[in-house]
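Engineer: One file is attached below, coords29.cif, containing mmCIF, C-alpha atoms.
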data_input
loop_
_atom_site.label_atom_id
_atom_site.label_comp_id
_atom_site.auth_asym_id
_atom_site.auth_seq_id
_atom_site.Cartn_x
_atom_site.Cartn_y
_atom_site.Cartn_z
CA MET A 222 -54.30 -58.34 -77.07
CA THR A 223 -56.99 -58.41 -79.72
CA VAL A 224 -60.53 -58.09 -78.45
CA SER A 225 -63.31 -59.24 -80.75
CA PHE A 226 -66.93 -58.44 -79.99
CA ILE A 227 -70.19 -57.36 -81.58
CA LEU A 228 -70.73 -53.61 -81.54
CA ASN A 229 -74.18 -52.39 -82.51
CA GLY A 230 -74.74 -55.50 -84.59
CA GLU A 231 -71.37 -55.57 -86.35
CA ASP A 232 -68.44 -57.89 -85.67
CA VAL A 233 -65.44 -55.79 -84.66
CA ALA A 234 -61.91 -56.51 -83.48
CA VAL A 235 -59.50 -54.09 -81.89
CA LYS A 236 -56.06 -54.18 -80.32
CA ALA A 237 -56.32 -53.15 -76.67
CA ARG A 238 -54.24 -53.09 -73.50
CA SER A 239 -55.36 -54.48 -70.19
CA ALA A 240 -55.46 -50.87 -68.95
CA ASP A 241 -58.05 -49.75 -71.50
CA ARG A 242 -61.61 -49.19 -70.41
CA LEU A 243 -64.38 -50.09 -72.81
CA VAL A 244 -65.77 -46.54 -72.66
CA ASP A 245 -62.51 -45.11 -74.02
CA LEU A 246 -62.21 -47.83 -76.62
CA LEU A 247 -65.71 -47.10 -77.88
CA ARG A 248 -65.08 -43.37 -78.16
CA GLU A 249 -61.51 -43.36 -79.42
CA ARG A 250 -61.41 -46.37 -81.72
CA PHE A 251 -64.99 -46.58 -82.90
CA GLY A 252 -66.10 -42.94 -82.73
CA VAL A 253 -69.03 -43.72 -80.46
CA ALA A 254 -70.09 -40.37 -78.96
CA GLY A 255 -73.06 -41.69 -76.97
CA VAL A 256 -70.90 -42.86 -74.07
CA LEU A 257 -69.18 -40.29 -71.86
CA PRO A 258 -66.35 -41.12 -69.47
CA ASP A 259 -67.25 -38.82 -66.60
CA CYS A 260 -67.03 -40.31 -63.11
CA ARG A 261 -65.15 -43.47 -64.16
CA ARG A 262 -66.60 -45.12 -61.05
CA GLY A 263 -69.78 -46.54 -62.51
CA VAL A 264 -72.12 -44.13 -60.77
CA CYS A 265 -72.92 -41.21 -63.09
CA GLY A 266 -74.75 -43.24 -65.75
CA LYS A 267 -73.25 -41.38 -68.70
CA CYS A 268 -71.35 -44.32 -70.16
CA LEU A 269 -74.09 -46.96 -69.93
CA VAL A 270 -74.30 -49.61 -72.61
CA LEU A 271 -76.22 -52.84 -73.03
CA LEU A 272 -73.81 -55.72 -72.55
CA ASP A 273 -75.46 -58.94 -73.71
CA GLY A 274 -78.74 -57.10 -73.16
CA ARG A 275 -77.95 -55.99 -69.62
CA LEU A 276 -77.29 -52.44 -68.53
CA ALA A 277 -73.63 -51.88 -67.64
CA PRO A 278 -71.36 -48.89 -67.04
CA SER A 279 -68.69 -49.17 -69.75
CA CYS A 280 -66.18 -47.26 -67.57
CA LEU A 281 -66.08 -50.25 -65.22
CA LEU A 282 -65.39 -52.70 -68.01
CA PRO A 283 -61.81 -53.43 -68.97
CA ALA A 284 -61.61 -54.01 -72.71
CA PHE A 285 -60.95 -57.73 -72.25
CA LYS A 286 -64.35 -58.18 -70.59
CA ALA A 287 -66.04 -57.33 -73.91
CA ARG A 288 -64.43 -60.31 -75.66
CA GLY A 289 -67.05 -62.44 -77.42
CA ARG A 290 -69.94 -60.35 -76.13
CA GLU A 291 -72.54 -58.05 -77.64
CA VAL A 292 -72.27 -54.33 -76.88
CA VAL A 293 -75.09 -51.97 -77.82
CA THR A 294 -74.71 -48.21 -77.39
CA ILE A 295 -77.43 -45.62 -77.82
CA GLU A 296 -76.36 -45.25 -81.46
CA GLY A 297 -77.14 -48.89 -82.15
CA PHE A 298 -80.23 -48.95 -79.98
CA ALA A 299 -81.62 -45.91 -81.82
CA GLN A 300 -82.06 -48.17 -84.89
CA THR A 301 -84.53 -50.45 -83.11
CA ASP A 302 -88.31 -50.41 -82.70
CA GLU A 303 -87.81 -50.45 -78.92
CA TYR A 304 -86.10 -47.07 -79.14
CA GLY A 305 -89.20 -45.66 -80.81
CA ASP A 306 -91.39 -47.11 -78.03
CA ILE A 307 -89.31 -45.47 -75.34
CA LYS A 308 -88.87 -42.08 -77.01
CA GLY A 309 -92.58 -42.07 -77.79
CA GLY A 310 -93.47 -43.10 -74.25
CA PHE A 311 -91.31 -40.38 -72.78
CA ALA A 312 -92.96 -37.85 -75.11
CA ASP A 313 -96.45 -39.14 -74.15
CA ALA A 314 -95.60 -38.42 -70.52
CA GLY A 315 -94.18 -34.98 -71.33
CA LEU A 316 -90.81 -36.19 -70.13
CA GLU A 317 -87.83 -34.15 -71.20
CA THR A 318 -84.40 -35.50 -70.38
CA CYS A 319 -81.17 -33.55 -70.66
CA GLY A 320 -78.28 -34.23 -73.02
CA PHE A 321 -76.23 -35.89 -70.28
CA CYS A 322 -78.73 -38.47 -69.11
CA ASP A 323 -80.93 -39.04 -72.16
CA SER A 324 -79.08 -42.05 -73.53
CA GLY A 325 -78.62 -43.65 -70.08
CA LYS A 326 -82.30 -43.30 -69.22
CA ILE A 327 -83.38 -44.75 -72.55
CA LEU A 328 -81.03 -47.74 -72.20
CA ALA A 329 -82.07 -48.26 -68.57
CA ALA A 330 -85.73 -48.27 -69.62
CA ALA A 331 -84.90 -50.69 -72.45
CA ALA A 332 -83.10 -53.13 -70.13
CA LEU A 333 -85.97 -53.01 -67.66
CA LEU A 334 -88.73 -53.53 -70.27
CA GLU A 335 -86.79 -56.39 -71.82
CA ARG A 336 -87.04 -58.47 -68.65
CA ASN A 337 -90.25 -57.02 -67.22
CA SER A 338 -92.88 -55.81 -69.67
CA ARG A 339 -95.06 -54.25 -66.93
CA PRO A 340 -92.71 -52.88 -64.27
CA SER A 341 -94.12 -51.36 -61.09
CA ARG A 342 -93.39 -47.83 -59.96
CA GLU A 343 -90.80 -49.13 -57.47
CA GLU A 344 -89.10 -51.29 -60.10
CA ILE A 345 -88.87 -48.33 -62.47
CA LEU A 346 -87.40 -46.04 -59.81
CA ALA A 347 -84.89 -48.74 -58.80
CA GLU A 348 -83.74 -49.33 -62.38
CA MET A 349 -83.53 -45.62 -63.14
CA SER A 350 -81.26 -45.11 -60.13
CA ALA A 351 -78.48 -46.19 -62.50
CA VAL A 352 -78.78 -42.69 -63.98
CA PRO A 353 -78.70 -40.26 -61.07
CA CYS A 354 -79.16 -37.06 -63.14
CA ARG A 355 -81.95 -35.08 -61.45
CA CYS A 356 -83.15 -33.18 -64.49
CA THR A 357 -86.42 -35.10 -64.53
CA ASP A 358 -89.20 -35.49 -61.99
CA PRO A 359 -89.15 -39.14 -60.81
CA GLU A 360 -92.92 -39.41 -61.14
CA ALA A 361 -92.74 -38.20 -64.75
CA LEU A 362 -90.04 -40.79 -65.34
CA VAL A 363 -92.34 -43.50 -63.98
CA LYS A 364 -95.15 -42.33 -66.27
CA GLY A 365 -92.73 -42.17 -69.21
CA VAL A 366 -91.56 -45.75 -68.74
CA GLN A 367 -95.12 -46.98 -68.22
CA ALA A 368 -96.18 -45.19 -71.41
CA ALA A 369 -93.23 -46.81 -73.20
CA ALA A 370 -94.38 -50.20 -71.87
CA ASP A 371 -97.86 -49.52 -73.31
CA ARG A 372 -96.43 -48.60 -76.71
CA ARG A 373 -94.19 -51.65 -76.69
CA ALA A 374 -97.08 -53.96 -75.79
CA ARG A 375 -99.25 -52.50 -78.57
CA ARG A 376 -96.47 -52.89 -81.11
CA LEU A 377 -95.76 -56.50 -80.13
CA TYR A 378 -99.50 -57.25 -80.21
CA ARG A 379 -99.81 -55.79 -83.70
CA ARG A 380 -96.80 -57.79 -84.85
CA ALA A 381 -98.24 -61.02 -83.43
CA ASP A 382 -101.55 -60.22 -85.10
CA GLN A 383 -100.01 -59.91 -88.57
CA MET B 104 -49.40 -51.65 -64.94
CA LEU B 105 -50.66 -50.44 -68.29
CA ILE B 106 -50.00 -53.85 -69.77
CA SER B 107 -50.79 -56.88 -67.66
CA GLU B 108 -51.00 -60.45 -68.74
CA VAL B 109 -54.69 -61.40 -68.64
CA HIS B 110 -55.29 -65.14 -68.54
CA SER B 111 -58.69 -66.55 -69.42
CA PRO B 112 -58.87 -70.20 -68.31
CA GLN B 113 -61.61 -72.27 -69.90
CA SER B 114 -62.20 -74.70 -67.05
CA LEU B 115 -61.87 -74.97 -63.29
CA PRO B 116 -58.88 -77.38 -63.42
CA GLU B 117 -57.12 -74.96 -65.78
CA LEU B 118 -57.84 -72.09 -63.38
CA LEU B 119 -56.50 -74.00 -60.38
CA GLU B 120 -53.37 -74.89 -62.32
CA LEU B 121 -52.87 -71.22 -63.23
CA MET B 122 -53.33 -70.22 -59.58
CA ARG B 123 -50.72 -72.78 -58.56
CA ARG B 124 -48.27 -71.59 -61.21
CA LEU B 125 -48.92 -67.87 -60.63
CA PRO B 126 -49.54 -67.47 -56.89
CA ALA B 127 -49.37 -63.65 -57.07
CA ALA B 128 -51.95 -63.40 -59.84
CA ALA B 129 -55.15 -61.49 -59.11
CA LEU B 130 -58.52 -63.10 -59.80
CA TYR B 131 -60.82 -60.84 -61.78
CA SER B 132 -64.55 -61.47 -61.91
CA GLY B 133 -66.93 -58.46 -61.87
CA GLY B 134 -64.11 -56.06 -61.01
CA THR B 135 -66.46 -53.42 -59.61
CA GLU B 136 -64.60 -52.85 -56.35
CA LEU B 137 -61.18 -52.88 -57.95
CA LEU B 138 -62.16 -50.40 -60.64
CA ARG B 139 -64.21 -48.11 -58.45
CA GLU B 140 -61.04 -47.33 -56.54
CA GLN B 141 -59.43 -46.17 -59.78
CA ALA B 142 -60.97 -43.06 -61.33
CA GLY B 143 -58.13 -42.30 -63.77
CA LYS B 144 -58.22 -42.90 -67.49
CA TYR B 145 -56.35 -46.18 -67.26
CA ILE B 146 -56.94 -49.27 -65.19
CA PHE B 147 -54.04 -50.60 -63.21
CA LEU B 148 -54.16 -54.35 -62.83
CA PRO B 149 -51.55 -56.56 -61.19
CA PRO B 150 -48.91 -57.90 -63.61
CA GLU B 151 -50.75 -61.21 -63.83
CA THR B 152 -54.54 -61.25 -63.83
CA ILE B 153 -56.84 -64.24 -64.24
CA SER B 154 -60.29 -63.50 -65.64
CA ILE B 155 -62.73 -65.96 -64.06
CA GLY B 156 -66.13 -64.37 -64.71
CA ALA B 157 -67.08 -66.63 -67.61
CA LEU B 158 -66.05 -69.99 -66.15
CA PRO B 159 -69.13 -72.25 -66.38
CA GLU B 160 -68.29 -74.07 -63.13
CA LEU B 161 -68.46 -70.77 -61.23
CA ARG B 162 -71.71 -69.66 -62.84
CA GLN B 163 -74.01 -72.45 -61.75
CA VAL B 164 -77.02 -72.15 -59.48
CA SER B 165 -78.79 -75.13 -57.95
CA LEU B 166 -81.70 -75.44 -55.61
CA THR B 167 -82.80 -78.29 -53.35
CA GLU B 168 -85.44 -78.36 -50.64
CA ARG B 169 -82.81 -77.64 -48.02
CA TYR B 170 -80.39 -75.22 -49.59
CA LEU B 171 -79.54 -72.90 -52.45
CA GLU B 172 -76.09 -73.11 -54.05
CA ILE B 173 -74.75 -70.16 -56.03
CA GLY B 174 -71.53 -70.07 -58.03
CA ALA B 175 -69.08 -67.33 -57.14
CA ALA B 176 -69.17 -65.73 -60.60
CA VAL B 177 -72.96 -65.38 -60.66
CA THR B 178 -73.79 -61.68 -60.73
CA LEU B 179 -75.86 -60.05 -58.02
CA ALA B 180 -78.53 -59.18 -60.61
CA GLU B 181 -78.76 -62.83 -61.68
CA ILE B 182 -79.26 -63.93 -58.08
CA LEU B 183 -82.06 -61.40 -57.67
CA GLU B 184 -83.76 -62.90 -60.72
CA LEU B 185 -84.13 -66.30 -59.02
CA LYS B 186 -87.71 -67.09 -58.09
CA GLU B 187 -88.71 -65.30 -54.93
CA SER B 188 -89.40 -68.48 -52.96
CA ALA B 189 -85.83 -69.70 -53.59
CA LEU B 190 -84.15 -66.64 -52.20
CA PRO B 191 -83.95 -66.07 -48.44
CA GLU B 192 -85.49 -62.72 -47.53
CA LEU B 193 -82.30 -61.52 -45.83
CA LEU B 194 -80.19 -62.23 -48.89
CA ALA B 195 -82.68 -60.66 -51.30
CA GLY B 196 -82.89 -57.52 -49.19
CA ALA B 197 -79.12 -57.19 -49.02
CA LEU B 198 -78.77 -57.71 -52.77
CA ARG B 199 -81.32 -54.98 -53.50
CA GLY B 200 -79.29 -52.62 -51.31
CA VAL B 201 -76.08 -53.02 -53.31
CA ALA B 202 -75.34 -49.96 -55.46
CA THR B 203 -77.46 -49.65 -58.64
CA PRO B 204 -78.98 -52.25 -60.99
CA ALA B 205 -76.26 -51.50 -63.57
CA LEU B 206 -73.50 -52.27 -61.08
CA ARG B 207 -75.32 -55.38 -59.90
CA ASN B 208 -75.14 -56.61 -63.50
CA LEU B 209 -71.34 -56.70 -63.16
CA ALA B 210 -70.68 -57.37 -59.47
CA THR B 211 -70.50 -61.02 -58.46
CA LEU B 212 -71.24 -62.98 -55.31
CA GLY B 213 -67.60 -64.06 -55.02
CA GLY B 214 -66.28 -60.54 -55.38
CA ASN B 215 -68.63 -59.31 -52.69
CA LEU B 216 -67.45 -61.94 -50.21
CA ALA B 217 -63.77 -62.16 -51.07
CA THR B 218 -62.96 -58.44 -50.77
CA ARG B 219 -60.03 -58.25 -48.39
CA SER B 220 -60.19 -54.59 -47.33
CA ARG B 221 -63.62 -54.65 -45.67
CA PHE B 222 -66.85 -56.59 -45.51
CA MET B 223 -69.27 -55.85 -48.29
CA ASP B 224 -73.05 -56.04 -48.13
CA LEU B 225 -73.58 -59.79 -48.32
CA TRP B 226 -71.36 -60.96 -45.46
CA ALA B 227 -73.75 -60.04 -42.64
CA PRO B 228 -76.87 -61.73 -44.07
CA LEU B 229 -74.93 -64.82 -45.20
CA ALA B 230 -73.16 -65.07 -41.84
CA CYS B 231 -76.53 -64.72 -40.15
CA LEU B 232 -77.90 -67.57 -42.25
CA ASP B 233 -74.81 -69.71 -41.46
CA ALA B 234 -74.10 -70.06 -45.18
CA LEU B 235 -71.13 -72.17 -46.24
CA ALA B 236 -68.39 -71.13 -48.64
CA GLU B 237 -66.61 -73.68 -50.82
CA LEU B 238 -62.90 -72.89 -51.11
CA LYS B 239 -60.65 -74.55 -53.66
CA ASP B 240 -56.93 -74.61 -54.21
CA ALA B 241 -54.43 -76.97 -55.72
CA ALA B 242 -54.67 -79.22 -52.63
CA GLY B 243 -58.41 -79.77 -52.95
CA SER B 244 -61.63 -78.21 -51.78
CA ARG B 245 -63.30 -77.58 -48.44
CA TRP B 246 -66.44 -75.99 -47.05
CA ILE B 247 -66.20 -73.38 -44.32
CA ASN B 248 -68.84 -71.31 -42.56
CA VAL B 249 -68.99 -67.77 -43.97
CA ASN B 250 -68.41 -66.55 -40.41
CA ARG B 251 -64.89 -67.90 -40.69
CA LEU B 252 -64.11 -65.35 -43.40
CA ALA B 253 -63.65 -63.00 -40.42
CA ASP B 254 -60.80 -63.42 -37.91
CA ASP B 255 -61.07 -63.17 -34.12
CA GLU B 256 -60.72 -59.38 -34.28
CA GLY B 257 -63.55 -59.20 -36.81
CA ARG B 258 -61.26 -58.31 -39.72
CA PRO B 259 -61.63 -59.85 -43.19
CA ALA B 260 -59.70 -63.13 -43.28
CA PHE B 261 -60.16 -64.58 -46.74
CA PRO B 262 -57.59 -67.38 -47.02
CA PRO B 263 -54.75 -66.35 -49.36
CA GLY B 264 -54.32 -68.51 -52.44
CA ALA B 265 -57.84 -69.89 -52.23
CA LEU B 266 -60.62 -69.66 -54.78
CA LEU B 267 -64.15 -69.09 -53.56
CA SER B 268 -66.10 -71.33 -55.90
CA ARG B 269 -69.66 -71.35 -54.52
CA ILE B 270 -71.87 -70.52 -51.56
CA ARG B 271 -74.41 -72.85 -49.98
CA VAL B 272 -77.27 -71.03 -48.27
CA PRO B 273 -79.53 -73.10 -45.98
CA LEU B 274 -83.24 -72.55 -46.66
CA GLU B 275 -84.92 -72.33 -43.28
CA ARG B 276 -88.09 -70.89 -41.87
CA TRP B 277 -87.58 -67.75 -39.77
CA ASP B 278 -90.21 -66.04 -37.66
CA ALA B 279 -88.44 -62.71 -37.64
CA VAL B 280 -85.79 -61.28 -39.92
CA ALA B 281 -84.46 -57.75 -40.16
CA LEU B 282 -81.91 -56.17 -42.42
CA ARG B 283 -80.66 -52.61 -42.41
CA LYS B 284 -77.88 -50.94 -44.33
CA VAL B 285 -76.49 -47.85 -42.66
CA GLY B 286 -74.21 -45.20 -44.13
CA LEU B 287 -73.56 -44.48 -47.78
CA ARG B 288 -75.28 -46.77 -50.23
CA ASP B 289 -73.06 -46.39 -53.27
CA TYR B 290 -69.62 -45.90 -51.77
CA PRO B 291 -68.48 -48.18 -48.99
CA ALA B 292 -67.13 -45.87 -46.28
CA PRO B 293 -66.04 -46.39 -42.64
CA GLU B 294 -69.62 -45.57 -41.60
CA THR B 295 -71.20 -48.04 -44.03
CA ALA B 296 -72.32 -51.35 -42.56
CA VAL B 297 -75.04 -53.96 -42.83
CA PHE B 298 -77.05 -55.27 -39.88
CA ALA B 299 -78.82 -58.63 -40.16
CA LEU B 300 -81.03 -60.50 -37.73
CA ALA B 301 -82.80 -63.87 -37.96
CA ALA B 302 -84.79 -65.47 -35.16
CA ARG B 303 -87.41 -68.13 -34.60
CA ALA B 304 -89.44 -69.41 -31.72
CA GLU B 305 -91.12 -72.66 -30.81
CA LYS B 306 -93.94 -72.79 -28.27
CA GLY B 307 -93.08 -69.36 -26.97
CA ILE B 308 -89.39 -70.20 -26.49
CA LEU B 309 -86.69 -68.54 -28.54
CA SER B 310 -85.13 -71.47 -30.40
CA ASP B 311 -82.73 -69.63 -32.70
CA PHE B 312 -81.32 -66.12 -32.64
CA ARG B 313 -78.56 -64.78 -34.87
CA LEU B 314 -77.34 -61.23 -35.22
CA ALA B 315 -74.51 -60.12 -37.52
CA PHE B 316 -73.16 -56.67 -38.27
CA ALA B 317 -70.40 -55.93 -40.74
CA GLY B 318 -68.67 -52.98 -42.31
CA GLU B 319 -64.94 -52.44 -41.93
CA THR B 320 -65.13 -55.01 -39.16
CA ALA B 321 -67.57 -57.80 -38.45
CA LEU B 322 -69.44 -58.54 -35.29
CA ARG B 323 -71.22 -61.74 -34.36
CA LEU B 324 -71.40 -62.69 -30.69
CA ARG B 325 -72.13 -66.39 -30.53
CA GLU B 326 -71.77 -66.48 -26.72
CA VAL B 327 -74.48 -63.85 -26.32
CA GLU B 328 -76.65 -65.64 -28.90
CA GLY B 329 -76.20 -68.83 -26.88
CA ARG B 330 -77.40 -67.10 -23.70
CA ILE B 331 -80.46 -65.62 -25.42
CA LEU B 332 -81.53 -69.02 -26.77
CA GLY B 333 -84.06 -70.90 -24.71
CA ARG B 334 -85.54 -67.73 -23.18
CA ARG B 335 -89.28 -67.47 -22.94
CA LEU B 336 -90.82 -64.75 -25.07
CA PRO B 337 -91.46 -61.93 -24.64
CA LEU B 338 -88.12 -61.03 -23.12
CA GLY B 339 -88.35 -58.99 -19.96
CA ALA B 340 -87.12 -55.40 -19.90
CA LYS B 341 -84.20 -56.37 -17.66
CA GLU B 342 -83.10 -59.21 -19.97
CA ARG B 343 -83.30 -56.97 -23.02
CA ALA B 344 -81.25 -54.25 -21.35
CA SER B 345 -78.64 -56.78 -20.28
CA PHE B 346 -78.21 -58.28 -23.77
CA ALA B 347 -78.24 -54.84 -25.39
CA ALA B 348 -75.45 -53.77 -23.02
CA GLU B 349 -73.34 -56.77 -24.05
CA TYR B 350 -73.73 -55.91 -27.74
CA ARG B 351 -72.95 -52.24 -27.06
CA GLU B 352 -69.82 -53.20 -25.20
CA ALA B 353 -68.65 -55.40 -28.08
CA ALA B 354 -69.23 -52.51 -30.49
CA ALA B 355 -67.09 -50.08 -28.49
CA GLY B 356 -64.40 -50.01 -31.19
CA LEU B 357 -66.75 -48.86 -33.97
CA PRO B 358 -66.76 -45.23 -35.18
CA SER B 359 -69.09 -43.26 -32.89
CA GLY B 360 -71.89 -42.68 -35.41
CA LEU B 361 -71.92 -46.32 -36.39
CA ARG B 362 -71.79 -47.42 -32.75
CA GLN B 363 -74.88 -45.38 -31.96
CA GLN B 364 -76.77 -46.77 -34.93
CA PHE B 365 -75.74 -50.30 -34.02
CA GLY B 366 -77.06 -49.77 -30.48
CA THR B 367 -80.38 -48.55 -31.85
CA LEU B 368 -80.61 -51.52 -34.23
CA VAL B 369 -79.88 -54.00 -31.42
CA ASP B 370 -82.64 -52.39 -29.31
CA GLY B 371 -84.97 -52.67 -32.30
CA ALA B 372 -84.01 -56.34 -32.85
CA LEU B 373 -84.63 -57.28 -29.22
CA ASP B 374 -87.91 -55.38 -29.38
CA LEU B 375 -88.88 -57.20 -32.58
CA ILE B 376 -88.30 -60.68 -31.17
CA SER B 377 -90.07 -59.74 -27.98
CA ARG B 378 -93.15 -58.88 -30.00
#
Mind converting the file's structure to structure tokens?

Structural biologist:
Amino acid sequence: MTVSFILNGEDVAVKARSADRLVDLLRERFGVAGVLPDCRRGVCGKCLVLLDGRLAPSCLLPAFKARGREVVTIEGFAQTDEYGDIKGGFADAGLETCGFCDSGKILAAAALLERNSRPSREEILAEMSAVPCRCTDPEALVKGVQAAADRRARRLYRRADQ
Amino acid sequence: MLISEVHSPQSLPELLELMRRLPAAALYSGGTELLREQAGKYIFLPPETISIGALPELRQVSLTERYLEIGAAVTLAEILELKESALPELLAGALRGVATPALRNLATLGGNLATRSRFMDLWAPLACLDALAELKDAAGSRWINVNRLADDEGRPAFPPGALLSRIRVPLERWDAVALRKVGLRDYPAPETAVFALAARAEKGILSDFRLAFAGETALRLREVEGRILGRRLPLGAKERASFAAEYREAAAGLPSGLRQQFGTLVDGALDLISR
């Protein structure tokens, strides 16, 4: 079957089998290195993408579920202003993530801030549970996301002011 | 199979026709349970699979003063985004306890209730709330109480060949509710189960009391509930011990760890309504 979708802002189409997972399709057909097929059970957080703006483990998505939808990986998200807010916010809080969880934590923060511009500590910890890597102190993660929310709010305010 | 035929009907009548024509076909919505049992590189789907997650008729939510209706293909995350006053506390609590936010973006209400191997997190609270499930097949549609998705032995009994299209949850006032998930949060295991309680009183008399517990098997003792109703609150120590003993006896077949936790939760529930 041919599966057409939007990948990081570009229309793409690819031949896929029902057995193919989106994570493998992204890596093998599109050279996307920012998703890793590790647990293949949707729990490790290394293959997270934004699917129509919502956080989703791409290992639990058969290729056909991407049809007609918008998929954003960390490579595509890195081109946005929101990425700058989150990286900057993490840096403000002295937060250092590891190579395995960095992209998942950034995308999780992005999905959360998109629907809730001022998330509470509990909401941040709940959202970040999608990426169970323990390289970072949870409290630092909370501060990092809150700092990202501040940066995002300032940027949107400046834009509205122009 | 590495190559399965994946059908994507565009409307409910088209889906029902496909189900009639392909009775062995699997319905695929969020797919989280099916895929979490498969950790290999490839996904093995039945030879015929019908993708139903995008069907508009299964993705509707409506709210009246008396009940909330949710389509079977609405994701758990979408349900949690409904305004707080529209969502019964028991249901909201159970939804928040399901896996992670990323998985809740894929998992659907229908998938959670129609799993045939065990009861997932939403059965106990919905059974406790006496929610109704709308089932459709080629012959028509009917509403059944969610409790009837369990057989007399407490095993999952989702009717074969039926489509779960929506759930109707009554919106009622409760004086006491309690929800507790025991066991592993992310991986359903024999020791994983959900305990739900809802009770209310009028003029010091217990007017409604419902207690449901579900993991690999489901437990709801309507006879015991019937005997508790009408009792004056607070319950006496002797009454509480007697009801607790009945629940413990009914739970004798559960794995020992789960049985002990269930006993503790029943004691806590009887204590809660007595207060």

Engineer: For chain B, which residues have at least one atom within 9 Å of chain A, if we go by all atoms listed in the file? Write them as a PDB file with C-alpha atoms, in the frame of the given file, please.

Structural biologist:
ATOM      1  CA  MET B 104     -49.400 -51.650 -64.940  1.00  0.00           C
ATOM      2  CA  LEU B 105     -50.660 -50.440 -68.290  1.00  0.00           C
ATOM      3  CA  ILE B 106     -50.000 -53.850 -69.770  1.00  0.00           C
ATOM      4  CA  SER B 107     -50.790 -56.880 -67.660  1.00  0.00           C
ATOM      5  CA  GLU B 108     -51.000 -60.450 -68.740  1.00  0.00           C
ATOM      6  CA  VAL B 109     -54.690 -61.400 -68.640  1.00  0.00           C
ATOM      7  CA  GLY B 133     -66.930 -58.460 -61.870  1.00  0.00           C
ATOM      8  CA  GLY B 134     -64.110 -56.060 -61.010  1.00  0.00           C
ATOM      9  CA  THR B 135     -66.460 -53.420 -59.610  1.00  0.00           C
ATOM     10  CA  LEU B 138     -62.160 -50.400 -60.640  1.00  0.00           C
ATOM     11  CA  ARG B 139     -64.210 -48.110 -58.450  1.00  0.00           C
ATOM     12  CA  GLU B 140     -61.040 -47.330 -56.540  1.00  0.00           C
ATOM     13  CA  GLN B 141     -59.430 -46.170 -59.780  1.00  0.00           C
ATOM     14  CA  ALA B 142     -60.970 -43.060 -61.330  1.00  0.00           C
ATOM     15  CA  GLY B 143     -58.130 -42.300 -63.770  1.00  0.00           C
ATOM     16  CA  LYS B 144     -58.220 -42.900 -67.490  1.00  0.00           C
ATOM     17  CA  TYR B 145     -56.350 -46.180 -67.260  1.00  0.00           C
ATOM     18  CA  ILE B 146     -56.940 -49.270 -65.190  1.00  0.00           C
ATOM     19  CA  PHE B 147     -54.040 -50.600 -63.210  1.00  0.00           C
ATOM     20  CA  LEU B 148     -54.160 -54.350 -62.830  1.00  0.00           C
ATOM     21  CA  SER B 154     -60.290 -63.500 -65.640  1.00  0.00           C
ATOM     22  CA  GLY B 156     -66.130 -64.370 -64.710  1.00  0.00           C
ATOM     23  CA  ARG B 199     -81.320 -54.980 -53.500  1.00  0.00           C
ATOM     24  CA  ALA B 202     -75.340 -49.960 -55.460  1.00  0.00           C
ATOM     25  CA  THR B 203     -77.460 -49.650 -58.640  1.00  0.00           C
ATOM     26  CA  PRO B 204     -78.980 -52.250 -60.990  1.00  0.00           C
ATOM     27  CA  ALA B 205     -76.260 -51.500 -63.570  1.00  0.00           C
ATOM     28  CA  LEU B 206     -73.500 -52.270 -61.080  1.00  0.00           C
ATOM     29  CA  ARG B 207     -75.320 -55.380 -59.900  1.00  0.00           C
ATOM     30  CA  ASN B 208     -75.140 -56.610 -63.500  1.00  0.00           C
ATOM     31  CA  LEU B 209     -71.340 -56.700 -63.160  1.00  0.00           C
ATOM     32  CA  ASP B 289     -73.060 -46.390 -53.270  1.00  0.00           C
TER      33      ASP B 289
END

Engineer: Quick one: residues within 10 Å of Glu303 of chain A, all atoms listed in the file, excluding same-chain residues fewer than 4 positions away - as a PyMOL selection string?

Structural biologist: chain A and resi 298-299+307-309+327-328+330-331+334-335+369-370+372-373+376

Engineer: Please provide the set of residues having any atom within 7 Å of segment 281-284 of chain B, restricted to all atoms listed in the file, with same-chain residues fewer than 2 positions apart removed, written as JSON, numbers by chain.

Structural biologist: {"B": [193, 196, 279, 286, 296, 297, 298, 299, 300, 301]}

Engineer: Which residues, written as a short mmCIF file (atom, residue, chain, number, x, y, z; two decimals) with C-alpha atoms, keeping the file's coordinate frame, have at least one atom at most 12 Å from Ala368 of chain A, with all atoms listed in the file counted and residues fewer than 2 positions away on the same chain left out?

Structural biologist:
data_model
loop_
_atom_site.label_atom_id
_atom_site.label_comp_id
_atom_site.auth_asym_id
_atom_site.auth_seq_id
_atom_site.Cartn_x
_atom_site.Cartn_y
_atom_site.Cartn_z
CA GLY A 305 -89.20 -45.66 -80.81
CA ASP A 306 -91.39 -47.11 -78.03
CA ILE A 307 -89.31 -45.47 -75.34
CA LYS A 308 -88.87 -42.08 -77.01
CA GLY A 309 -92.58 -42.07 -77.79
CA GLY A 310 -93.47 -43.10 -74.25
CA PHE A 311 -91.31 -40.38 -72.78
CA ALA A 312 -92.96 -37.85 -75.11
CA ASP A 313 -96.45 -39.14 -74.15
CA ALA A 314 -95.60 -38.42 -70.52
CA GLY A 315 -94.18 -34.98 -71.33
CA LEU A 316 -90.81 -36.19 -70.13
CA ALA A 330 -85.73 -48.27 -69.62
CA LEU A 334 -88.73 -53.53 -70.27
CA SER A 338 -92.88 -55.81 -69.67
CA ARG A 339 -95.06 -54.25 -66.93
CA PRO A 340 -92.71 -52.88 -64.27
CA ILE A 345 -88.87 -48.33 -62.47
CA ALA A 361 -92.74 -38.20 -64.75
CA LEU A 362 -90.04 -40.79 -65.34
CA VAL A 363 -92.34 -43.50 -63.98
CA LYS A 364 -95.15 -42.33 -66.27
CA GLY A 365 -92.73 -42.17 -69.21
CA VAL A 366 -91.56 -45.75 -68.74
CA ALA A 370 -94.38 -50.20 -71.87
CA ASP A 371 -97.86 -49.52 -73.31
CA ARG A 372 -96.43 -48.60 -76.71
CA ARG A 373 -94.19 -51.65 -76.69
CA ALA A 374 -97.08 -53.96 -75.79
CA ARG A 375 -99.25 -52.50 -78.57
#
